[in-house]
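**Q** Dropping in structure-v1.cif, which is mmCIF, N, CA and C atoms:
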```cif
data_structure
loop_
_atom_site.label_atom_id
_atom_site.label_comp_id
_atom_site.auth_asym_id
_atom_site.auth_seq_id
_atom_site.Cartn_x
_atom_site.Cartn_y
_atom_site.Cartn_z
N MET C 299 111.81 212.07 189.54
CA MET C 299 110.85 213.06 189.14
C MET C 299 109.45 212.44 189.20
N ALA C 300 108.51 213.12 189.82
CA ALA C 300 107.14 212.61 189.95
C ALA C 300 106.44 212.68 188.60
N LYS C 301 105.61 211.69 188.36
CA LYS C 301 104.84 211.65 187.11
C LYS C 301 103.75 212.72 187.16
N GLN C 302 103.58 213.39 186.05
CA GLN C 302 102.55 214.41 185.90
C GLN C 302 101.35 213.79 185.19
N ASN C 303 100.25 214.47 185.22
CA ASN C 303 99.06 214.05 184.50
C ASN C 303 99.27 214.36 183.02
N PRO C 304 99.26 213.33 182.11
CA PRO C 304 99.47 213.59 180.70
C PRO C 304 98.46 214.57 180.11
N ALA C 305 97.27 214.65 180.70
CA ALA C 305 96.25 215.56 180.19
C ALA C 305 96.68 217.03 180.32
N LYS C 306 97.64 217.32 181.20
CA LYS C 306 98.10 218.69 181.40
C LYS C 306 99.07 219.13 180.30
N PHE C 307 99.56 218.19 179.51
CA PHE C 307 100.51 218.49 178.46
C PHE C 307 99.83 218.46 177.10
N VAL C 308 100.30 219.30 176.21
CA VAL C 308 99.81 219.29 174.83
C VAL C 308 100.87 218.58 174.00
N PHE C 309 100.48 217.47 173.39
CA PHE C 309 101.40 216.71 172.58
C PHE C 309 101.19 217.06 171.12
N ASP C 310 102.29 217.21 170.39
CA ASP C 310 102.19 217.56 168.98
C ASP C 310 102.64 216.40 168.10
N ASP C 311 102.78 216.67 166.80
CA ASP C 311 103.16 215.62 165.85
C ASP C 311 104.52 215.01 166.18
N LEU C 312 105.47 215.82 166.60
CA LEU C 312 106.79 215.28 166.92
C LEU C 312 106.70 214.30 168.09
N ASP C 313 105.93 214.64 169.11
CA ASP C 313 105.74 213.72 170.24
C ASP C 313 105.14 212.40 169.76
N ARG C 314 104.10 212.48 168.94
CA ARG C 314 103.45 211.26 168.44
C ARG C 314 104.38 210.45 167.56
N LYS C 315 105.19 211.13 166.73
CA LYS C 315 106.15 210.43 165.88
C LYS C 315 107.23 209.74 166.71
N LEU C 316 107.69 210.41 167.75
CA LEU C 316 108.68 209.79 168.64
C LEU C 316 108.14 208.53 169.29
N ILE C 317 106.92 208.62 169.79
CA ILE C 317 106.30 207.45 170.43
C ILE C 317 106.16 206.32 169.42
N SER C 318 105.71 206.63 168.23
CA SER C 318 105.54 205.60 167.20
C SER C 318 106.88 204.95 166.85
N PHE C 319 107.90 205.76 166.66
CA PHE C 319 109.23 205.25 166.32
C PHE C 319 109.76 204.37 167.44
N LEU C 320 109.57 204.80 168.69
CA LEU C 320 110.09 204.05 169.84
C LEU C 320 109.31 202.76 170.06
N ARG C 321 108.07 202.71 169.64
CA ARG C 321 107.33 201.44 169.71
C ARG C 321 108.00 200.39 168.83
N ALA C 322 108.52 200.81 167.69
CA ALA C 322 109.19 199.90 166.77
C ALA C 322 110.63 199.62 167.20
N ASP C 323 111.30 200.61 167.79
CA ASP C 323 112.69 200.46 168.20
C ASP C 323 112.94 201.27 169.47
N GLY C 324 112.65 200.66 170.62
CA GLY C 324 112.79 201.34 171.90
C GLY C 324 114.23 201.64 172.28
N ARG C 325 115.18 201.09 171.54
CA ARG C 325 116.60 201.31 171.83
C ARG C 325 117.25 202.28 170.85
N ALA C 326 116.45 202.94 170.03
CA ALA C 326 117.01 203.85 169.02
C ALA C 326 117.81 204.95 169.72
N PRO C 327 119.03 205.21 169.25
CA PRO C 327 119.83 206.29 169.85
C PRO C 327 119.26 207.67 169.50
N LEU C 328 119.56 208.63 170.34
CA LEU C 328 119.08 209.99 170.12
C LEU C 328 119.47 210.51 168.75
N SER C 329 120.68 210.21 168.30
CA SER C 329 121.13 210.72 167.00
C SER C 329 120.27 210.15 165.87
N LYS C 330 119.89 208.89 165.96
CA LYS C 330 119.02 208.28 164.93
C LYS C 330 117.65 208.94 164.93
N LEU C 331 117.10 209.19 166.12
CA LEU C 331 115.80 209.85 166.23
C LEU C 331 115.87 211.28 165.68
N ALA C 332 116.94 211.99 166.03
CA ALA C 332 117.11 213.36 165.56
C ALA C 332 117.20 213.41 164.04
N ASP C 333 117.98 212.50 163.46
CA ASP C 333 118.09 212.45 161.99
C ASP C 333 116.75 212.11 161.35
N ALA C 334 116.03 211.16 161.93
CA ALA C 334 114.75 210.73 161.35
C ALA C 334 113.73 211.86 161.30
N PHE C 335 113.80 212.79 162.27
CA PHE C 335 112.79 213.85 162.35
C PHE C 335 113.32 215.23 162.01
N GLY C 336 114.61 215.31 161.65
CA GLY C 336 115.18 216.59 161.24
C GLY C 336 115.24 217.61 162.36
N VAL C 337 115.51 217.14 163.59
CA VAL C 337 115.65 218.03 164.74
C VAL C 337 116.97 217.71 165.44
N SER C 338 117.34 218.53 166.41
CA SER C 338 118.59 218.31 167.12
C SER C 338 118.44 217.20 168.17
N ARG C 339 119.58 216.64 168.59
CA ARG C 339 119.58 215.64 169.64
C ARG C 339 118.99 216.23 170.93
N GLY C 340 119.29 217.48 171.19
CA GLY C 340 118.77 218.15 172.39
C GLY C 340 117.25 218.23 172.37
N THR C 341 116.68 218.51 171.20
CA THR C 341 115.22 218.55 171.08
C THR C 341 114.62 217.19 171.38
N VAL C 342 115.24 216.15 170.82
CA VAL C 342 114.75 214.79 171.06
C VAL C 342 114.85 214.47 172.55
N GLN C 343 115.98 214.79 173.18
CA GLN C 343 116.16 214.51 174.60
C GLN C 343 115.12 215.25 175.44
N ASN C 344 114.89 216.51 175.13
CA ASN C 344 113.88 217.30 175.86
C ASN C 344 112.49 216.72 175.71
N ARG C 345 112.16 216.30 174.49
CA ARG C 345 110.84 215.71 174.26
C ARG C 345 110.69 214.39 175.00
N LEU C 346 111.72 213.55 174.97
CA LEU C 346 111.66 212.28 175.69
C LEU C 346 111.54 212.51 177.19
N ASP C 347 112.30 213.47 177.71
CA ASP C 347 112.21 213.79 179.14
C ASP C 347 110.79 214.22 179.50
N ARG C 348 110.19 215.04 178.65
CA ARG C 348 108.83 215.53 178.90
C ARG C 348 107.81 214.40 178.81
N LEU C 349 107.97 213.51 177.83
CA LEU C 349 107.05 212.37 177.69
C LEU C 349 107.16 211.44 178.89
N LEU C 350 108.35 211.24 179.39
CA LEU C 350 108.53 210.41 180.59
C LEU C 350 107.96 211.10 181.83
N ALA C 351 108.25 212.39 181.99
CA ALA C 351 107.76 213.14 183.15
C ALA C 351 106.24 213.21 183.19
N SER C 352 105.62 213.28 182.01
CA SER C 352 104.17 213.39 181.96
C SER C 352 103.48 212.06 182.21
N GLY C 353 104.24 210.98 182.08
CA GLY C 353 103.64 209.66 182.22
C GLY C 353 103.09 209.12 180.92
N ALA C 354 103.19 209.87 179.83
CA ALA C 354 102.74 209.39 178.52
C ALA C 354 103.60 208.20 178.08
N VAL C 355 104.89 208.24 178.38
CA VAL C 355 105.80 207.12 178.14
C VAL C 355 106.22 206.61 179.51
N LEU C 356 105.98 205.33 179.74
CA LEU C 356 106.28 204.74 181.05
C LEU C 356 107.66 204.12 181.12
N GLY C 357 108.25 203.84 179.98
CA GLY C 357 109.58 203.23 179.96
C GLY C 357 109.85 202.64 178.60
N PHE C 358 110.93 201.92 178.52
CA PHE C 358 111.37 201.32 177.27
C PHE C 358 111.51 199.83 177.50
N THR C 359 111.26 199.05 176.48
CA THR C 359 111.22 197.61 176.66
C THR C 359 111.92 196.89 175.53
N VAL C 360 112.07 195.61 175.71
CA VAL C 360 112.67 194.75 174.70
C VAL C 360 111.57 193.94 174.05
N ARG C 361 111.59 193.84 172.74
CA ARG C 361 110.68 192.96 172.01
C ARG C 361 111.44 191.68 171.74
N VAL C 362 110.80 190.56 172.01
CA VAL C 362 111.44 189.27 171.86
C VAL C 362 110.85 188.55 170.65
N ARG C 363 111.71 187.89 169.88
CA ARG C 363 111.26 187.10 168.74
C ARG C 363 110.23 186.09 169.18
N GLU C 364 109.20 185.84 168.36
CA GLU C 364 108.13 184.91 168.71
C GLU C 364 108.64 183.55 169.15
N ASP C 365 109.62 183.03 168.43
CA ASP C 365 110.09 181.68 168.71
C ASP C 365 111.15 181.62 169.80
N TYR C 366 111.53 182.77 170.36
CA TYR C 366 112.60 182.80 171.37
C TYR C 366 112.18 182.17 172.70
N GLU C 367 110.93 182.33 173.07
CA GLU C 367 110.49 181.90 174.39
C GLU C 367 110.08 180.43 174.46
N GLY C 368 110.51 179.64 173.51
CA GLY C 368 110.33 178.20 173.63
C GLY C 368 109.00 177.66 173.14
N GLY C 369 108.34 178.34 172.25
CA GLY C 369 107.17 177.76 171.61
C GLY C 369 105.91 177.71 172.44
N GLY C 370 105.80 178.47 173.48
CA GLY C 370 104.57 178.47 174.26
C GLY C 370 103.40 178.98 173.44
N LEU C 371 102.21 178.74 173.93
CA LEU C 371 100.99 179.18 173.28
C LEU C 371 100.55 180.52 173.83
N ARG C 372 99.96 181.33 172.95
CA ARG C 372 99.37 182.59 173.38
C ARG C 372 97.94 182.64 172.85
N ALA C 373 97.07 183.24 173.63
CA ALA C 373 95.66 183.31 173.23
C ALA C 373 95.01 184.55 173.84
N ILE C 374 93.88 184.90 173.27
CA ILE C 374 93.02 185.95 173.81
C ILE C 374 91.73 185.27 174.24
N MET C 375 91.29 185.58 175.45
CA MET C 375 90.04 185.02 175.96
C MET C 375 89.08 186.17 176.25
N LEU C 376 87.90 186.12 175.63
CA LEU C 376 86.84 187.08 175.88
C LEU C 376 85.94 186.48 176.95
N ILE C 377 85.63 187.26 177.98
CA ILE C 377 84.93 186.72 179.14
C ILE C 377 83.69 187.56 179.46
N GLU C 378 82.58 186.86 179.65
CA GLU C 378 81.34 187.49 180.09
C GLU C 378 81.18 187.19 181.58
N VAL C 379 80.87 188.21 182.35
CA VAL C 379 80.77 188.10 183.80
C VAL C 379 79.32 188.24 184.23
N VAL C 380 78.92 187.50 185.26
CA VAL C 380 77.57 187.56 185.80
C VAL C 380 77.42 188.82 186.65
N GLY C 381 76.37 189.58 186.37
CA GLY C 381 76.00 190.73 187.21
C GLY C 381 77.14 191.65 187.56
N LYS C 382 77.29 191.87 188.86
CA LYS C 382 78.29 192.83 189.36
C LYS C 382 79.51 192.13 189.94
N SER C 383 79.86 190.98 189.41
CA SER C 383 80.98 190.22 189.99
C SER C 383 82.30 190.46 189.27
N THR C 384 82.39 191.51 188.46
CA THR C 384 83.61 191.78 187.70
C THR C 384 84.83 191.93 188.60
N SER C 385 84.72 192.68 189.68
CA SER C 385 85.86 192.88 190.58
C SER C 385 86.34 191.57 191.18
N GLN C 386 85.41 190.72 191.56
CA GLN C 386 85.75 189.41 192.13
C GLN C 386 86.47 188.54 191.08
N VAL C 387 85.97 188.54 189.86
CA VAL C 387 86.59 187.75 188.79
C VAL C 387 87.99 188.28 188.49
N ILE C 388 88.14 189.60 188.42
CA ILE C 388 89.46 190.20 188.17
C ILE C 388 90.43 189.79 189.27
N SER C 389 90.00 189.86 190.51
CA SER C 389 90.88 189.48 191.64
C SER C 389 91.37 188.05 191.51
N ARG C 390 90.49 187.15 191.16
CA ARG C 390 90.87 185.74 191.00
C ARG C 390 91.81 185.55 189.81
N MET C 391 91.52 186.25 188.71
CA MET C 391 92.34 186.08 187.51
C MET C 391 93.73 186.67 187.68
N ARG C 392 93.85 187.73 188.48
CA ARG C 392 95.17 188.32 188.73
C ARG C 392 96.12 187.34 189.41
N GLY C 393 95.57 186.36 190.07
CA GLY C 393 96.40 185.37 190.74
C GLY C 393 96.90 184.26 189.83
N LEU C 394 96.49 184.26 188.58
CA LEU C 394 96.92 183.22 187.65
C LEU C 394 98.15 183.70 186.87
N PRO C 395 99.28 183.02 187.01
CA PRO C 395 100.50 183.48 186.34
C PRO C 395 100.41 183.42 184.82
N GLU C 396 99.51 182.63 184.28
CA GLU C 396 99.37 182.51 182.84
C GLU C 396 98.67 183.71 182.20
N ILE C 397 98.04 184.55 183.01
CA ILE C 397 97.38 185.76 182.51
C ILE C 397 98.45 186.85 182.43
N VAL C 398 98.82 187.23 181.21
CA VAL C 398 99.87 188.24 181.04
C VAL C 398 99.30 189.64 180.88
N ALA C 399 98.01 189.75 180.54
CA ALA C 399 97.34 191.05 180.46
C ALA C 399 95.85 190.82 180.66
N LEU C 400 95.21 191.76 181.33
CA LEU C 400 93.78 191.66 181.60
C LEU C 400 93.18 193.06 181.43
N HIS C 401 92.11 193.12 180.63
CA HIS C 401 91.49 194.42 180.31
C HIS C 401 89.98 194.34 180.50
N THR C 402 89.39 195.42 180.98
CA THR C 402 87.94 195.54 180.96
C THR C 402 87.58 196.11 179.58
N THR C 403 86.36 195.84 179.14
CA THR C 403 85.95 196.31 177.82
C THR C 403 84.44 196.55 177.81
N ASN C 404 83.95 197.04 176.71
CA ASN C 404 82.51 197.26 176.56
C ASN C 404 81.96 196.28 175.53
N GLY C 405 80.68 196.30 175.31
CA GLY C 405 80.07 195.41 174.33
C GLY C 405 79.59 194.12 174.98
N GLY C 406 79.58 193.05 174.22
CA GLY C 406 79.07 191.77 174.69
C GLY C 406 79.96 191.07 175.70
N TRP C 407 81.22 191.42 175.76
CA TRP C 407 82.18 190.80 176.68
C TRP C 407 82.59 191.82 177.73
N ASP C 408 82.89 191.35 178.93
CA ASP C 408 83.27 192.24 180.03
C ASP C 408 84.77 192.35 180.22
N LEU C 409 85.48 191.27 179.94
CA LEU C 409 86.93 191.23 180.14
C LEU C 409 87.61 190.60 178.93
N ILE C 410 88.85 191.02 178.70
CA ILE C 410 89.70 190.38 177.70
C ILE C 410 91.00 190.00 178.41
N ALA C 411 91.36 188.73 178.33
CA ALA C 411 92.58 188.24 178.96
C ALA C 411 93.53 187.72 177.90
N GLU C 412 94.81 188.09 178.02
CA GLU C 412 95.84 187.47 177.19
C GLU C 412 96.47 186.37 178.02
N ILE C 413 96.52 185.19 177.45
CA ILE C 413 96.97 183.99 178.16
C ILE C 413 98.23 183.44 177.49
N ARG C 414 99.16 182.97 178.31
CA ARG C 414 100.35 182.27 177.84
C ARG C 414 100.41 180.93 178.53
N ALA C 415 100.65 179.86 177.77
CA ALA C 415 100.75 178.52 178.34
C ALA C 415 101.86 177.76 177.63
N GLU C 416 102.42 176.77 178.33
CA GLU C 416 103.55 176.01 177.80
C GLU C 416 103.15 174.99 176.75
N SER C 417 101.94 174.44 176.84
CA SER C 417 101.51 173.36 175.95
C SER C 417 99.99 173.40 175.83
N LEU C 418 99.46 172.59 174.93
CA LEU C 418 98.01 172.52 174.80
C LEU C 418 97.37 171.97 176.08
N ALA C 419 98.00 171.01 176.71
CA ALA C 419 97.46 170.46 177.96
C ALA C 419 97.44 171.54 179.05
N HIS C 420 98.51 172.31 179.15
CA HIS C 420 98.57 173.40 180.12
C HIS C 420 97.52 174.46 179.79
N PHE C 421 97.39 174.77 178.51
CA PHE C 421 96.40 175.74 178.05
C PHE C 421 94.99 175.28 178.42
N ASP C 422 94.69 174.01 178.20
CA ASP C 422 93.40 173.44 178.54
C ASP C 422 93.12 173.57 180.04
N GLN C 423 94.14 173.32 180.84
CA GLN C 423 94.01 173.44 182.30
C GLN C 423 93.69 174.88 182.70
N VAL C 424 94.38 175.84 182.09
CA VAL C 424 94.15 177.26 182.39
C VAL C 424 92.72 177.65 182.01
N LEU C 425 92.26 177.22 180.83
CA LEU C 425 90.89 177.55 180.42
C LEU C 425 89.87 176.99 181.40
N ARG C 426 90.07 175.74 181.82
CA ARG C 426 89.14 175.15 182.80
C ARG C 426 89.15 175.93 184.11
N GLU C 427 90.35 176.31 184.55
CA GLU C 427 90.48 177.05 185.81
C GLU C 427 89.74 178.39 185.73
N ILE C 428 89.90 179.10 184.63
CA ILE C 428 89.22 180.40 184.46
C ILE C 428 87.71 180.20 184.41
N ARG C 429 87.26 179.21 183.67
CA ARG C 429 85.83 178.97 183.52
C ARG C 429 85.17 178.53 184.83
N MET C 430 85.95 178.03 185.78
CA MET C 430 85.43 177.61 187.08
C MET C 430 85.34 178.76 188.09
N ILE C 431 85.88 179.92 187.76
CA ILE C 431 85.82 181.06 188.67
C ILE C 431 84.38 181.50 188.82
N ASP C 432 83.94 181.64 190.08
CA ASP C 432 82.59 182.14 190.34
C ASP C 432 82.42 183.50 189.69
N GLY C 433 81.36 183.64 188.91
CA GLY C 433 81.09 184.91 188.24
C GLY C 433 81.38 184.88 186.75
N VAL C 434 82.16 183.89 186.28
CA VAL C 434 82.41 183.75 184.85
C VAL C 434 81.22 183.03 184.24
N LEU C 435 80.50 183.71 183.36
CA LEU C 435 79.29 183.15 182.76
C LEU C 435 79.59 182.46 181.43
N ASN C 436 80.42 183.10 180.61
CA ASN C 436 80.67 182.62 179.26
C ASN C 436 82.04 183.10 178.82
N SER C 437 82.64 182.38 177.86
CA SER C 437 83.93 182.82 177.33
C SER C 437 84.10 182.34 175.91
N GLU C 438 84.99 183.01 175.20
CA GLU C 438 85.37 182.62 173.85
C GLU C 438 86.87 182.85 173.75
N THR C 439 87.59 181.86 173.25
CA THR C 439 89.04 181.94 173.23
C THR C 439 89.57 181.72 171.82
N SER C 440 90.58 182.51 171.44
CA SER C 440 91.25 182.36 170.16
C SER C 440 92.75 182.27 170.38
N LEU C 441 93.36 181.24 169.80
CA LEU C 441 94.81 181.09 169.86
C LEU C 441 95.47 182.02 168.87
N PHE C 442 96.65 182.55 169.23
CA PHE C 442 97.46 183.30 168.28
C PHE C 442 98.22 182.27 167.45
N LEU C 443 98.09 182.34 166.15
CA LEU C 443 98.81 181.40 165.29
C LEU C 443 100.15 181.96 164.84
N SER C 444 100.16 183.20 164.35
CA SER C 444 101.42 183.84 163.97
C SER C 444 101.21 185.34 164.04
N SER C 445 102.31 186.07 164.14
CA SER C 445 102.25 187.53 164.16
C SER C 445 102.51 188.04 162.77
N VAL C 446 101.74 189.01 162.34
CA VAL C 446 101.90 189.56 161.00
C VAL C 446 102.53 190.95 161.02
N THR C 447 102.75 191.51 162.21
CA THR C 447 103.45 192.79 162.32
C THR C 447 104.52 192.64 163.38
N SER C 448 105.50 193.50 163.28
CA SER C 448 106.57 193.46 164.29
C SER C 448 106.76 194.80 164.92
#
```
Kindly transcribe the structure held in the file into structure tokens.
**A**
Amino acid sequence: MAKQNPAKFVFDDLDRKLISFLRADGRAPLSKLADAFGVSRGTVQNRLDRLLASGAVLGFTVRVREDYEGGGLRAIMLIEVVGKSTSQVISRMRGLPEIVALHTTNGGWDLIAEIRAESLAHFDQVLREIRMIDGVLNSETSLFLSSVTS
């Protein structure tokens, strides 16, 4: 089924509650969702089908325990770009396997990158590599120490 434009659909409280519940437990069975919201399994299935068809929900995923992946480091890097070189910087950063997410933003920073590295030495190497990209003017990086929500 082809994805539709989510803007063409009107989402209500049940849709938003389903999305919120599935963010916490993407493997929740239809019967559990139906019980949680006081609706039938068929209603839940129809809503999920519509959310998927609209593109509002892209799929379901597994959340992994923080310590499961072997103790690697995670960080957020705020990046300021020179002039109009944002596209060039993005292209270079997309080639780095340690960048797990990259976002454009507004305000004092132009890009936000989520970085994963195996060790502090590896992390240091990644930071140097990013800072050497033509067009990167300034950056600020914060390591994730622990997660406070699940």
**Q** Looking at C:Asp310, C:Asp422, C:Glu416, C:Asp408, which one is nearest to C:Gly370, with distances taken over only C-alpha atoms?
**A** C:Glu416
**Q** Skipping near chain neighbours, those fewer than 4 positions away, what residues fall within 8 Å of C:Leu346 using only N, CA and C atoms, listed as a list in words?
**A** Asp313, Leu316, Gly340, Thr341, Val342, Leu350, Ala351, Ser352 and Val355 of chain C
**Q** Please, could you write that set of residues out with N, CA and C atoms as a PDB file, keeping the file's coordinate frame?
**A**
```pdb
ATOM      1  N   ASP C 313     105.930 214.640 169.110  1.00  0.00           N
ATOM      2  CA  ASP C 313     105.740 213.720 170.240  1.00  0.00           C
ATOM      3  C   ASP C 313     105.140 212.400 169.760  1.00  0.00           C
ATOM      4  N   LEU C 316     107.690 210.410 167.750  1.00  0.00           N
ATOM      5  CA  LEU C 316     108.680 209.790 168.640  1.00  0.00           C
ATOM      6  C   LEU C 316     108.140 208.530 169.290  1.00  0.00           C
ATOM      7  N   GLY C 340     119.290 217.480 171.190  1.00  0.00           N
ATOM      8  CA  GLY C 340     118.770 218.150 172.390  1.00  0.00           C
ATOM      9  C   GLY C 340     117.250 218.230 172.370  1.00  0.00           C
ATOM     10  N   THR C 341     116.680 218.510 171.200  1.00  0.00           N
ATOM     11  CA  THR C 341     115.220 218.550 171.080  1.00  0.00           C
ATOM     12  C   THR C 341     114.620 217.190 171.380  1.00  0.00           C
ATOM     13  N   VAL C 342     115.240 216.150 170.820  1.00  0.00           N
ATOM     14  CA  VAL C 342     114.750 214.790 171.060  1.00  0.00           C
ATOM     15  C   VAL C 342     114.850 214.470 172.550  1.00  0.00           C
ATOM     16  N   LEU C 350     108.350 211.240 179.390  1.00  0.00           N
ATOM     17  CA  LEU C 350     108.530 210.410 180.590  1.00  0.00           C
ATOM     18  C   LEU C 350     107.960 211.100 181.830  1.00  0.00           C
ATOM     19  N   ALA C 351     108.250 212.390 181.990  1.00  0.00           N
ATOM     20  CA  ALA C 351     107.760 213.140 183.150  1.00  0.00           C
ATOM     21  C   ALA C 351     106.240 213.210 183.190  1.00  0.00           C
ATOM     22  N   SER C 352     105.620 213.280 182.010  1.00  0.00           N
ATOM     23  CA  SER C 352     104.170 213.390 181.960  1.00  0.00           C
ATOM     24  C   SER C 352     103.480 212.060 182.210  1.00  0.00           C
ATOM     25  N   VAL C 355     104.890 208.240 178.380  1.00  0.00           N
ATOM     26  CA  VAL C 355     105.800 207.120 178.140  1.00  0.00           C
ATOM     27  C   VAL C 355     106.220 206.610 179.510  1.00  0.00           C
TER      28      VAL C 355
END
```
**Q** Quick one: distance from atom CA of C:Glu396 to atom CA of C:Ala354 in Å, one decimal?
**A**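 Computed distance, atom CA of C:Glu396 to atom CA of C:Ala354, equals 27.4 Å.
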**Q** For the provided coordinates, the residues matched by the PyMOL selection byres (((chain C and resi 324 and name CA) around 9) and name CA) should be stated as a PyMOL selection string.
**A** chain C and resi 319-323+325-327+357-361
**Q** Between atom C of C:Ile428 and atom N of C:Leu443, what is the distance, to one decimal in Å?
**A**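 That distance, rounded to one decimal, is 21.1 Å.
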**Q** Extract, using only N, CA and C atoms, all DNA, RNA and protein residues at most 8 Å from C:Gln386, discarding same-chain residues fewer than 3 positions from it, and format them as a PyMOL selection string.
**A** chain C and resi 382-383+389-392+431-434
**Q** Kindly give the distance, in Å, that separates atom C of C:Asn344 and atom N of C:Ile317, rounded to a single decimal.
**A**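 Here the two named atoms are 11.5 Å from each other.
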**Q** Give the centre and edge lengths of an axis-aligned box, in Å to one decimal, that holds all listed atoms of stretch 350-356 of chain C with 4 Å on each side, as lines of an AutoDock Vina configuration file.
**A**
```
center_x = 105.6
center_y = 208.8
center_z = 180.6
size_x = 13.8
size_y = 17.3
size_z = 13.1
```
